[in-house]
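Colleague: my_file22.cif is the file, holding mmCIF, C-alpha atoms and all ligand atoms:
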data_start
loop_
_atom_site.label_atom_id
_atom_site.label_comp_id
_atom_site.auth_asym_id
_atom_site.auth_seq_id
_atom_site.Cartn_x
_atom_site.Cartn_y
_atom_site.Cartn_z
CA MET A 1094 64.22 149.95 156.45
CA ARG A 1095 66.06 146.70 157.07
CA TYR A 1096 69.29 145.98 155.25
CA ALA A 1097 71.28 142.78 154.99
CA SER A 1098 74.22 142.47 157.39
CA ILE A 1099 76.71 142.60 154.50
CA THR A 1100 76.04 146.35 154.21
CA GLN A 1101 77.14 146.76 157.81
CA ARG A 1102 80.19 144.53 157.49
CA LEU A 1103 81.39 146.51 154.49
CA ALA A 1104 80.38 149.95 155.77
CA ASP A 1105 83.93 151.03 156.66
CA LEU A 1106 85.73 148.79 154.23
CA GLY A 1107 85.00 150.47 150.92
CA GLY A 1108 86.19 153.86 149.70
CA GLU A 1109 87.23 155.20 153.15
CA LYS A 1110 90.71 153.74 152.79
CA TRP A 1111 91.21 155.96 149.76
CA GLU A 1112 90.26 159.20 151.56
CA LEU A 1113 93.66 160.77 150.95
CA TYR A 1114 93.46 159.91 147.27
CA SER A 1115 90.03 161.60 146.99
CA ARG A 1116 91.30 164.64 148.88
CA ALA A 1117 94.32 164.96 146.55
CA LYS A 1118 92.09 164.68 143.50
CA GLN A 1119 89.84 167.43 144.83
CA MET A 1120 92.83 169.68 145.57
CA ALA A 1121 94.11 169.18 142.01
CA LYS A 1122 90.64 169.99 140.66
CA ASP A 1123 90.72 173.20 142.70
CA GLY A 1124 93.88 174.17 140.82
CA GLN A 1125 96.58 173.18 143.32
CA ASP A 1126 99.92 171.70 142.22
CA ILE A 1127 99.57 168.07 143.32
CA ILE A 1128 101.90 165.16 142.57
CA HIS A 1129 99.83 161.99 142.76
CA MET A 1130 101.67 159.01 144.20
CA THR A 1131 98.71 157.23 145.69
CA ILE A 1132 97.08 154.50 143.61
CA GLY A 1133 98.65 151.86 141.36
CA GLU A 1134 97.56 153.39 138.10
CA PRO A 1135 100.23 152.69 135.46
CA ASP A 1136 101.71 155.91 134.04
CA VAL A 1137 102.21 154.33 130.64
CA ALA A 1138 99.36 154.16 128.15
CA THR A 1139 97.51 151.01 127.10
CA SER A 1140 99.11 150.07 123.78
CA VAL A 1141 97.53 151.49 120.62
CA GLU A 1142 97.49 147.95 119.23
CA LEU A 1143 95.21 146.75 122.04
CA ILE A 1144 92.95 149.78 121.89
CA GLU A 1145 92.57 149.32 118.14
CA SER A 1146 91.91 145.64 118.61
CA ALA A 1147 89.03 146.40 121.01
CA ALA A 1148 87.68 149.14 118.71
CA GLN A 1149 87.82 146.89 115.66
CA ALA A 1150 86.07 144.12 117.55
CA MET A 1151 83.30 146.53 118.53
CA ALA A 1152 82.98 147.76 114.94
CA LYS A 1153 82.72 144.13 113.83
CA GLY A 1154 79.70 143.63 116.07
CA ARG A 1155 81.44 141.91 119.00
CA THR A 1156 79.04 143.72 121.31
CA LYS A 1157 76.50 140.94 121.79
CA TYR A 1158 76.01 138.68 124.81
CA SER A 1159 78.80 136.31 125.65
CA ASN A 1160 78.53 133.36 128.03
CA GLY A 1161 79.33 133.07 131.72
CA ARG A 1162 82.74 131.48 131.39
CA GLY A 1163 84.32 133.64 128.67
CA GLU A 1164 84.81 133.73 124.90
CA PRO A 1165 86.39 130.57 123.41
CA GLU A 1166 89.32 132.45 121.91
CA LEU A 1167 90.22 134.04 125.23
CA LEU A 1168 89.89 130.74 127.09
CA ASN A 1169 92.22 129.23 124.53
CA ALA A 1170 94.76 132.06 124.99
CA LEU A 1171 94.58 131.65 128.77
CA SER A 1172 95.00 127.90 128.52
CA GLN A 1173 98.11 128.32 126.37
CA ARG A 1174 99.60 131.00 128.55
CA TYR A 1175 99.15 129.11 131.83
CA SER A 1176 100.14 125.73 130.37
CA ASN A 1177 103.40 127.32 129.23
CA THR A 1178 104.23 129.05 132.48
CA VAL A 1179 103.04 126.31 134.84
CA GLY A 1180 104.60 123.44 132.91
CA ARG A 1181 101.55 121.18 132.64
CA THR A 1182 98.30 121.44 130.71
CA ILE A 1183 95.76 123.82 132.18
CA ASN A 1184 92.57 123.30 130.22
CA GLU A 1185 89.98 125.80 129.10
CA ASP A 1186 87.42 124.42 131.56
CA GLN A 1187 89.70 125.55 134.40
CA PHE A 1188 89.11 129.27 133.73
CA VAL A 1189 86.32 131.75 134.34
CA CYS A 1190 86.65 135.30 132.96
CA PHE A 1191 85.81 138.21 135.24
CA PRO A 1192 85.91 142.01 135.09
CA GLY A 1193 89.30 142.25 136.82
CA THR A 1194 91.11 140.48 139.62
CA GLN A 1195 88.91 142.23 142.17
CA THR A 1196 85.71 140.51 141.00
CA ALA A 1197 87.52 137.20 140.58
CA LEU A 1198 88.69 137.44 144.21
CA PHE A 1199 85.18 138.30 145.35
CA ALA A 1200 83.62 135.35 143.53
CA ALA A 1201 86.34 132.93 144.65
CA LEU A 1202 85.96 133.94 148.30
CA MET A 1203 82.17 133.60 148.05
CA ALA A 1204 82.69 130.10 146.65
CA LEU A 1205 85.15 129.06 149.36
CA THR A 1206 84.03 130.71 152.60
CA GLU A 1207 81.00 131.51 154.68
CA ALA A 1208 80.11 133.06 158.04
CA GLY A 1209 82.72 132.29 160.69
CA ASP A 1210 85.30 130.76 158.36
CA GLU A 1211 88.77 132.22 158.73
CA VAL A 1212 90.97 133.53 155.95
CA LEU A 1213 94.68 134.01 156.64
CA VAL A 1214 96.26 136.96 154.92
CA GLY A 1215 99.60 138.70 155.30
CA ASP A 1216 99.47 142.10 157.05
CA PRO A 1217 100.22 144.54 155.37
CA MET A 1218 97.87 143.71 152.53
CA TYR A 1219 96.11 145.22 149.54
CA ALA A 1220 93.47 147.68 150.75
CA THR A 1221 90.40 145.83 149.45
CA TYR A 1222 91.16 142.44 151.05
CA ALA A 1223 89.40 143.20 154.34
CA GLY A 1224 86.17 143.95 152.48
CA LEU A 1225 86.54 141.01 150.13
CA ILE A 1226 86.93 138.59 153.03
CA SER A 1227 84.15 140.11 155.15
CA ALA A 1228 81.63 140.06 152.30
CA SER A 1229 80.76 136.37 152.83
CA GLY A 1230 80.82 136.78 156.63
CA ALA A 1231 84.25 135.17 156.85
CA VAL A 1232 86.76 136.50 159.35
CA MET A 1233 90.05 138.02 158.24
CA VAL A 1234 93.01 136.74 160.27
CA PRO A 1235 96.03 138.97 159.63
CA VAL A 1236 99.40 137.24 159.66
CA PRO A 1237 102.13 139.80 160.44
CA LEU A 1238 104.71 140.16 157.68
CA GLU A 1239 107.98 141.16 159.26
CA GLN A 1240 110.26 143.68 157.68
CA GLU A 1241 113.32 141.74 158.92
CA LYS A 1242 112.09 138.74 156.88
CA GLY A 1243 111.65 140.84 153.76
CA PHE A 1244 107.89 141.07 154.43
CA GLU A 1245 107.53 137.45 153.27
CA LEU A 1246 104.80 135.21 154.64
CA THR A 1247 106.60 132.57 156.72
CA GLU A 1248 105.61 129.10 157.87
CA ASP A 1249 106.01 129.99 161.57
CA ASN A 1250 103.82 133.06 161.31
CA ILE A 1251 101.09 131.13 159.51
CA ILE A 1252 101.12 128.09 161.82
CA SER A 1253 100.39 130.21 164.88
CA LYS A 1254 97.20 131.51 163.23
CA ILE A 1255 95.70 128.23 162.00
CA THR A 1256 92.52 127.10 163.80
CA PRO A 1257 89.84 124.53 162.98
CA ARG A 1258 87.91 127.36 161.23
CA THR A 1259 90.74 128.26 158.86
CA ARG A 1260 89.72 127.69 155.24
CA VAL A 1261 91.90 129.81 152.99
CA ILE A 1262 95.41 131.26 152.81
CA LEU A 1263 95.19 134.36 150.63
CA LEU A 1264 98.52 134.97 148.91
CA ASN A 1265 99.67 138.02 147.00
CA SER A 1266 103.07 137.61 145.40
CA PRO A 1267 104.46 139.92 144.05
CA HIS A 1268 103.02 141.77 146.98
CA ASN A 1269 101.23 145.08 147.21
CA PRO A 1270 102.25 147.21 149.10
CA THR A 1271 105.66 145.76 150.11
CA GLY A 1272 106.98 144.54 146.73
CA ALA A 1273 107.98 141.21 148.35
CA VAL A 1274 108.11 138.09 146.17
CA LEU A 1275 107.73 134.64 147.73
CA SER A 1276 110.69 132.35 147.13
CA HIS A 1277 110.32 128.75 145.94
CA GLN A 1278 111.14 127.47 149.42
CA ARG A 1279 108.56 129.66 151.18
CA MET A 1280 105.94 128.69 148.61
CA GLN A 1281 106.74 125.02 149.16
CA GLU A 1282 106.32 125.48 152.93
CA ILE A 1283 102.97 127.20 152.45
CA ILE A 1284 101.77 124.43 150.16
CA ASP A 1285 102.83 121.77 152.66
CA LEU A 1286 100.94 123.60 155.41
CA ALA A 1287 97.84 123.93 153.24
CA GLU A 1288 97.96 120.23 152.52
CA LYS A 1289 98.46 119.27 156.16
CA HIS A 1290 95.51 121.42 157.32
CA ASP A 1291 93.38 120.93 154.21
CA LEU A 1292 93.28 124.62 153.26
CA TRP A 1293 92.68 126.46 150.01
CA ILE A 1294 95.38 128.69 148.56
CA LEU A 1295 93.95 131.70 146.79
CA SER A 1296 96.75 133.45 144.91
CA ASP A 1297 96.40 137.03 143.65
CA GLU A 1298 99.02 137.28 140.90
CA VAL A 1299 98.11 140.63 139.38
CA TYR A 1300 101.77 141.81 139.57
CA ASP A 1301 103.35 138.64 138.15
CA GLU A 1302 104.84 140.54 135.20
CA MET A 1303 106.21 143.40 137.29
CA LEU A 1304 109.36 141.68 138.56
CA PHE A 1305 112.59 143.65 138.94
CA ASP A 1306 115.86 142.45 137.46
CA GLY A 1307 116.90 138.94 138.49
CA VAL A 1308 113.79 138.23 140.60
CA LYS A 1309 111.93 134.98 139.89
CA PHE A 1310 108.20 134.54 140.28
CA ILE A 1311 106.80 131.28 141.54
CA SER A 1312 103.10 130.47 141.44
CA PRO A 1313 101.51 127.84 143.72
CA LEU A 1314 99.84 126.59 140.54
CA SER A 1315 103.18 125.23 139.38
CA PHE A 1316 103.19 122.63 142.21
CA PRO A 1317 101.24 119.67 140.75
CA LYS A 1318 100.50 118.17 144.15
CA ALA A 1319 98.54 121.30 145.11
CA GLU A 1320 96.44 121.52 141.96
CA GLU A 1321 93.17 120.64 143.70
CA ARG A 1322 93.56 123.37 146.34
CA VAL A 1323 95.04 126.29 144.39
CA VAL A 1324 93.03 129.09 142.80
CA VAL A 1325 94.86 131.84 140.93
CA VAL A 1326 93.34 135.20 140.00
CA SER A 1327 94.83 137.82 137.73
CA SER A 1328 94.13 140.35 134.98
CA ILE A 1329 95.64 142.58 132.31
CA SER A 1330 95.23 145.67 134.54
CA LYS A 1331 98.93 145.91 135.45
CA SER A 1332 100.64 143.68 132.87
CA HIS A 1333 99.16 145.64 129.97
CA ALA A 1334 98.54 148.97 131.69
CA ALA A 1335 94.84 148.45 131.03
CA PRO A 1336 92.95 148.66 134.36
CA GLY A 1337 89.97 150.45 132.79
CA PHE A 1338 89.21 147.51 130.53
CA ARG A 1339 88.39 145.45 133.61
CA SER A 1340 89.58 142.16 132.17
CA GLY A 1341 90.62 139.36 134.51
CA TRP A 1342 90.10 135.66 135.23
CA SER A 1343 90.34 132.83 137.72
CA VAL A 1344 92.20 129.53 137.26
CA GLY A 1345 91.47 126.50 139.40
CA SER A 1346 90.69 122.81 139.34
CA VAL A 1347 87.89 121.58 137.07
CA GLU A 1348 85.71 120.89 140.13
CA PHE A 1349 86.33 124.34 141.64
CA THR A 1350 85.59 126.03 138.32
CA LYS A 1351 82.41 124.01 137.83
CA ARG A 1352 81.17 125.24 141.18
CA LEU A 1353 82.30 128.82 140.59
CA LEU A 1354 80.70 129.17 137.17
CA PRO A 1355 77.06 129.51 138.28
CA LEU A 1356 78.19 132.16 140.77
CA ALA A 1357 79.88 134.11 137.96
CA GLU A 1358 76.85 133.66 135.73
CA THR A 1359 74.55 134.90 138.47
CA MET A 1360 76.72 137.94 139.15
CA LEU A 1361 77.66 138.96 135.65
CA PHE A 1362 75.44 137.33 133.04
CA GLY A 1363 78.45 136.96 130.79
CA ASN A 1364 81.45 138.94 129.62
CA GLN A 1365 82.15 141.51 126.90
CA PRO A 1366 83.23 139.87 123.62
CA PHE A 1367 85.22 142.90 122.37
CA ILE A 1368 87.21 143.01 125.61
CA ALA A 1369 87.74 139.25 125.39
CA ASP A 1370 89.15 139.62 121.86
CA MET A 1371 91.51 142.36 122.97
CA THR A 1372 92.62 140.31 126.01
CA ALA A 1373 93.26 137.22 123.89
CA LYS A 1374 95.49 139.33 121.68
CA ALA A 1375 97.24 140.81 124.72
CA LEU A 1376 98.02 137.36 126.10
CA SER A 1377 99.30 135.96 122.81
CA LYS A 1378 102.81 137.45 123.24
CA PRO A 1379 105.02 138.96 125.96
CA SER A 1380 103.84 142.39 127.07
CA LYS A 1381 106.11 145.20 125.88
CA VAL A 1382 104.32 147.60 128.19
CA ALA A 1383 105.17 145.41 131.20
CA ALA A 1384 108.84 145.43 130.19
CA GLU A 1385 108.77 149.23 129.96
CA MET A 1386 107.08 149.57 133.35
CA ARG A 1387 109.44 147.13 135.08
CA LYS A 1388 112.41 149.17 133.94
CA LYS A 1389 110.88 152.51 134.93
CA TYR A 1390 109.65 151.39 138.34
CA GLU A 1391 112.87 149.65 139.27
CA ASP A 1392 114.81 152.78 138.31
CA ARG A 1393 112.50 155.01 140.37
CA ALA A 1394 112.70 152.62 143.33
CA HIS A 1395 116.50 153.15 143.25
CA ARG A 1396 116.12 156.90 142.88
CA ILE A 1397 113.82 157.32 145.85
CA TYR A 1398 116.14 155.13 147.91
CA THR A 1399 119.14 157.29 146.99
CA CYS A 1400 117.27 160.51 147.65
CA LEU A 1401 115.52 159.62 150.91
CA ASN A 1402 117.00 156.64 152.73
CA GLY A 1403 118.51 157.90 156.00
CA ILE A 1404 117.29 161.47 155.45
CA ALA A 1405 115.68 162.64 158.69
CA GLY A 1406 115.85 159.00 159.80
CA LEU A 1407 113.50 157.80 157.04
CA HIS A 1408 113.84 154.17 156.06
CA ILE A 1409 113.01 153.06 152.51
CA ASN A 1410 111.96 149.46 151.93
CA GLN A 1411 113.38 148.30 148.61
CA PRO A 1412 110.82 146.31 146.62
CA LYS A 1413 111.58 143.27 144.43
CA ALA A 1414 108.63 143.92 142.15
CA GLY A 1415 105.53 145.99 141.58
CA MET A 1416 104.72 149.67 141.55
CA PHE A 1417 105.28 150.84 145.11
CA VAL A 1418 107.87 151.76 147.72
CA LEU A 1419 107.22 151.90 151.46
CA ILE A 1420 108.74 154.59 153.67
CA ASP A 1421 109.06 154.14 157.43
CA VAL A 1422 108.38 157.64 158.81
CA SER A 1423 108.58 156.75 162.52
CA SER A 1424 111.66 158.99 162.96
CA THR A 1425 109.40 162.03 162.47
CA GLY A 1426 107.32 160.97 165.49
CA MET A 1427 104.20 160.96 163.31
CA SER A 1428 101.88 158.17 162.27
CA GLY A 1429 101.87 157.37 158.56
CA GLU A 1430 98.40 158.85 158.36
CA SER A 1431 99.30 162.22 159.94
CA PHE A 1432 102.46 162.33 157.84
CA ALA A 1433 100.56 161.66 154.59
CA PHE A 1434 97.78 164.20 155.22
CA ASP A 1435 100.19 166.88 156.44
CA LEU A 1436 102.61 166.23 153.57
CA LEU A 1437 99.73 166.70 151.14
CA GLU A 1438 98.61 169.97 152.71
CA LYS A 1439 102.11 171.43 153.05
CA THR A 1440 103.82 170.18 149.87
CA GLY A 1441 101.17 168.90 147.45
CA VAL A 1442 102.71 165.41 147.40
CA ALA A 1443 100.02 162.72 147.73
CA VAL A 1444 101.16 159.37 149.20
CA MET A 1445 99.00 156.71 150.86
CA PRO A 1446 98.98 156.25 154.66
CA GLY A 1447 100.38 152.79 155.40
CA SER A 1448 97.41 152.11 157.69
CA SER A 1449 95.22 151.74 154.59
CA PHE A 1450 97.09 148.46 154.07
CA GLY A 1451 96.81 146.98 157.56
CA SER A 1452 97.81 147.72 161.13
CA GLU A 1453 101.44 146.64 160.63
CA LEU A 1454 102.09 149.78 158.56
CA ASP A 1455 100.87 152.42 161.03
CA LYS A 1456 104.21 154.18 160.88
CA TRP A 1457 104.69 153.91 157.14
CA VAL A 1458 103.49 155.55 153.94
CA ARG A 1459 103.22 153.97 150.51
CA VAL A 1460 104.54 155.79 147.47
CA ALA A 1461 103.43 154.83 143.94
CA LEU A 1462 106.29 154.76 141.44
CA THR A 1463 103.90 155.60 138.63
CA VAL A 1464 104.81 159.27 138.24
CA GLU A 1465 106.98 160.54 135.38
CA ASP A 1466 110.63 161.11 136.25
CA ASP A 1467 110.81 164.89 136.72
CA ALA A 1468 107.73 165.05 138.92
CA PHE A 1469 108.99 161.96 140.75
CA ASP A 1470 112.30 163.64 141.61
CA THR A 1471 110.52 166.84 142.65
CA ALA A 1472 108.27 164.80 144.94
CA CYS A 1473 111.28 163.06 146.52
CA GLN A 1474 112.89 166.43 147.23
CA ARG A 1475 109.68 167.77 148.76
CA ILE A 1476 109.38 164.67 150.98
CA ALA A 1477 113.02 165.11 152.08
CA LYS A 1478 112.55 168.79 152.94
CA TYR A 1479 109.27 168.13 154.73
CA SER A 1480 110.74 165.26 156.77
CA LEU A 1481 113.78 167.30 157.78
CA SER A 1482 111.44 170.00 159.07
CA LYS A 1483 109.85 167.41 161.41
CA VAL A 1484 112.93 166.10 163.24
C1 LIG B 1 97.13 143.23 144.95
C2 LIG B 1 96.05 143.71 144.04
N1 LIG B 1 95.05 142.87 143.73
C3 LIG B 1 94.05 143.24 142.92
C4 LIG B 1 94.01 144.52 142.37
C5 LIG B 1 92.88 144.87 141.48
O1 LIG B 1 93.19 144.45 140.18
P1 LIG B 1 92.16 144.49 138.98
O2 LIG B 1 92.31 145.83 138.32
O3 LIG B 1 92.61 143.37 138.09
O4 LIG B 1 90.80 144.28 139.54
C6 LIG B 1 95.03 145.43 142.66
C7 LIG B 1 94.99 146.80 142.11
O5 LIG B 1 95.75 147.68 142.47
C8 LIG B 1 96.08 145.01 143.51
O6 LIG B 1 97.08 145.84 143.83
#
Represent the structure from my file as structure tokens, please.
Ligand SMILES: Cc1ncc(COP(=O)(O)O)c(C=O)c1O

Modeller:
Amino acid sequence: MRYASITQRLADLGGEKWELYSRAKQMAKDGQDIIHMTIGEPDVATSVELIESAAQAMAKGRTKYSNGRGEPELLNALSQRYSNTVGRTINEDQFVCFPGTQTALFAALMALTEAGDEVLVGDPMYATYAGLISASGAVMVPVPLEQEKGFELTEDNIISKITPRTRVILLNSPHNPTGAVLSHQRMQEIIDLAEKHDLWILSDEVYDEMLFDGVKFISPLSFPKAEERVVVVSSISKSHAAPGFRSGWSVGSVEFTKRLLPLAETMLFGNQPFIADMTAKALSKPSKVAAEMRKKYEDRAHRIYTCLNGIAGLHINQPKAGMFVLIDVSSTGMSGESFAFDLLEKTGVAVMPGSSFGSELDKWVRVALTVEDDAFDTACQRIAKYSLSKV
């Protein structure tokens, strides 16, 4: 049978990157003692208040069809939240609600790119970006993020990759997997470049509430001169420890949103009113869960640094935000992938091979900070012992 070319483009870009995660899950199911430090699943629970809010909404009959854009109350909550943080009015007709950031990214890239268009994205990058970009037939152009520059996307690195086919700069700040956060100056430079070359800026801000102490977040949306070319996507997955609710959105200009809406309607045929009610409630005040996670993850980032940095030549990259720490394992002579699979087999500690996040991280592994403290410390000790046995 004949299949559309999208199935071929995405053939290796789906679940394969999570092979180690699947293997670890299977080992745990078989009764082995596994410490999971792979995916960014918050280790704190969704708040009871939000769960009850969704349950009450369901009981009240909020289980009917919605519309393609989102429930009025949620659009209102989003408008208030973004108007407050961005410093100018962002109206309700600038939002479309989606089941998570992932779908919002997919729809936005379908609206902005087609076969042969080029999308610039920092390498390393979140594991699903390659698939998201390829879906429309666009070409992913990785822009190396250098460790010496704090893994930040820089003007020089971007300029060398711009061609007449470039359409979009895909930003992710705070960044997964490096925990880098773009400074105001770097953001300004990126916006100037986008303006000069008439490019879109698509900004994945799913970690915007996961900033460590003293770190400031800057969104490209807060630069009025870029308002026509900036699209922001986000969700409550991380900020409210609620990834299973699949509740996200896009924010863009009125014109962009008008063009995106039929795409969303075609894909989704509307949203879930009870999830919209719960999300509106979530966005109405600062997230206590985010505050709890920030504190925990920053503390664990320090602990892993103290335990492992310099041990057997390992180098720990200290994040400014998010849920992850990167470890450079080159001193062991192994690739990140061999290290991660062997570490899992020998010690039961599951970390992600850096290569799942782009070629720049071949010699690295990514550790999720989302494991409770005792298990976290045990895992650090096992990694130390294992690494010492390799040098
Ligand atoms: C950078 C980044 N973007 C998007 C997502 C997906 O978010 P959502 O659950 O809102 O679809 C993740 C999840 O880990 C992520 O790390």

Colleague: Grab me every residue within 9 Å of ligand LIG 1 (chain B), counting only C-alpha atoms and all ligand atoms, and send it over as number ranges by chain.

Modeller: A: 1132-1134, 1191-1198, 1218-1222, 1265-1270, 1297-1300, 1326-1331, 1335-1342, 1415-1416

Colleague: Could you work out how far CA of Arg1258 (chain A) lies from CA of Ser1229 (chain A), giving the answer in Å with one decimal?

Modeller: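 Taking CA of Ser1229 (chain A) as the start and CA of Arg1258 (chain A) as the end point, the length is 14.2 Å.
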
Colleague: Set the distance at 7 Å and use only C-alpha atoms: which residues neighbour region 1464-1477 of chain A once local chain neighbours fewer than 3 positions away are removed? I'd like the list as a ChimeraX atom specification.

Modeller: /A:1128,1130,1136,1397,1400-1401,1404,1440,1442,1480-1481

Colleague: I need the residue nearest Leu1376 (chain A) from this list: A:Asp1421, A:Asp1435, A:Glu1358, A:Glu1166. Use only C-alpha atoms for the distance.

Modeller: A:Glu1166

Colleague: One decimal, in Å: what's the spacing between CA of Ser1176 (chain A) and CA of Glu1248 (chain A)?

Modeller: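 Here the two named atoms are 28.2 Å from each other.
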
Colleague: Which residues, written as number ranges by chain, have at least one atom at most 12 Å from Thr1100 (chain A), with all atoms listed in the file counted and residues fewer than 5 positions away on the same chain left out?

Modeller: A: 1095, 1105-1107, 1224, 1227-1230

Colleague: Residues around (113.0, 150.7, 137.2), cut-off 10 Å, counting all atoms listed in the file - what are they as a ChimeraX atom specification?

Modeller: /A:1303-1306,1384-1396,1414-1416,1462
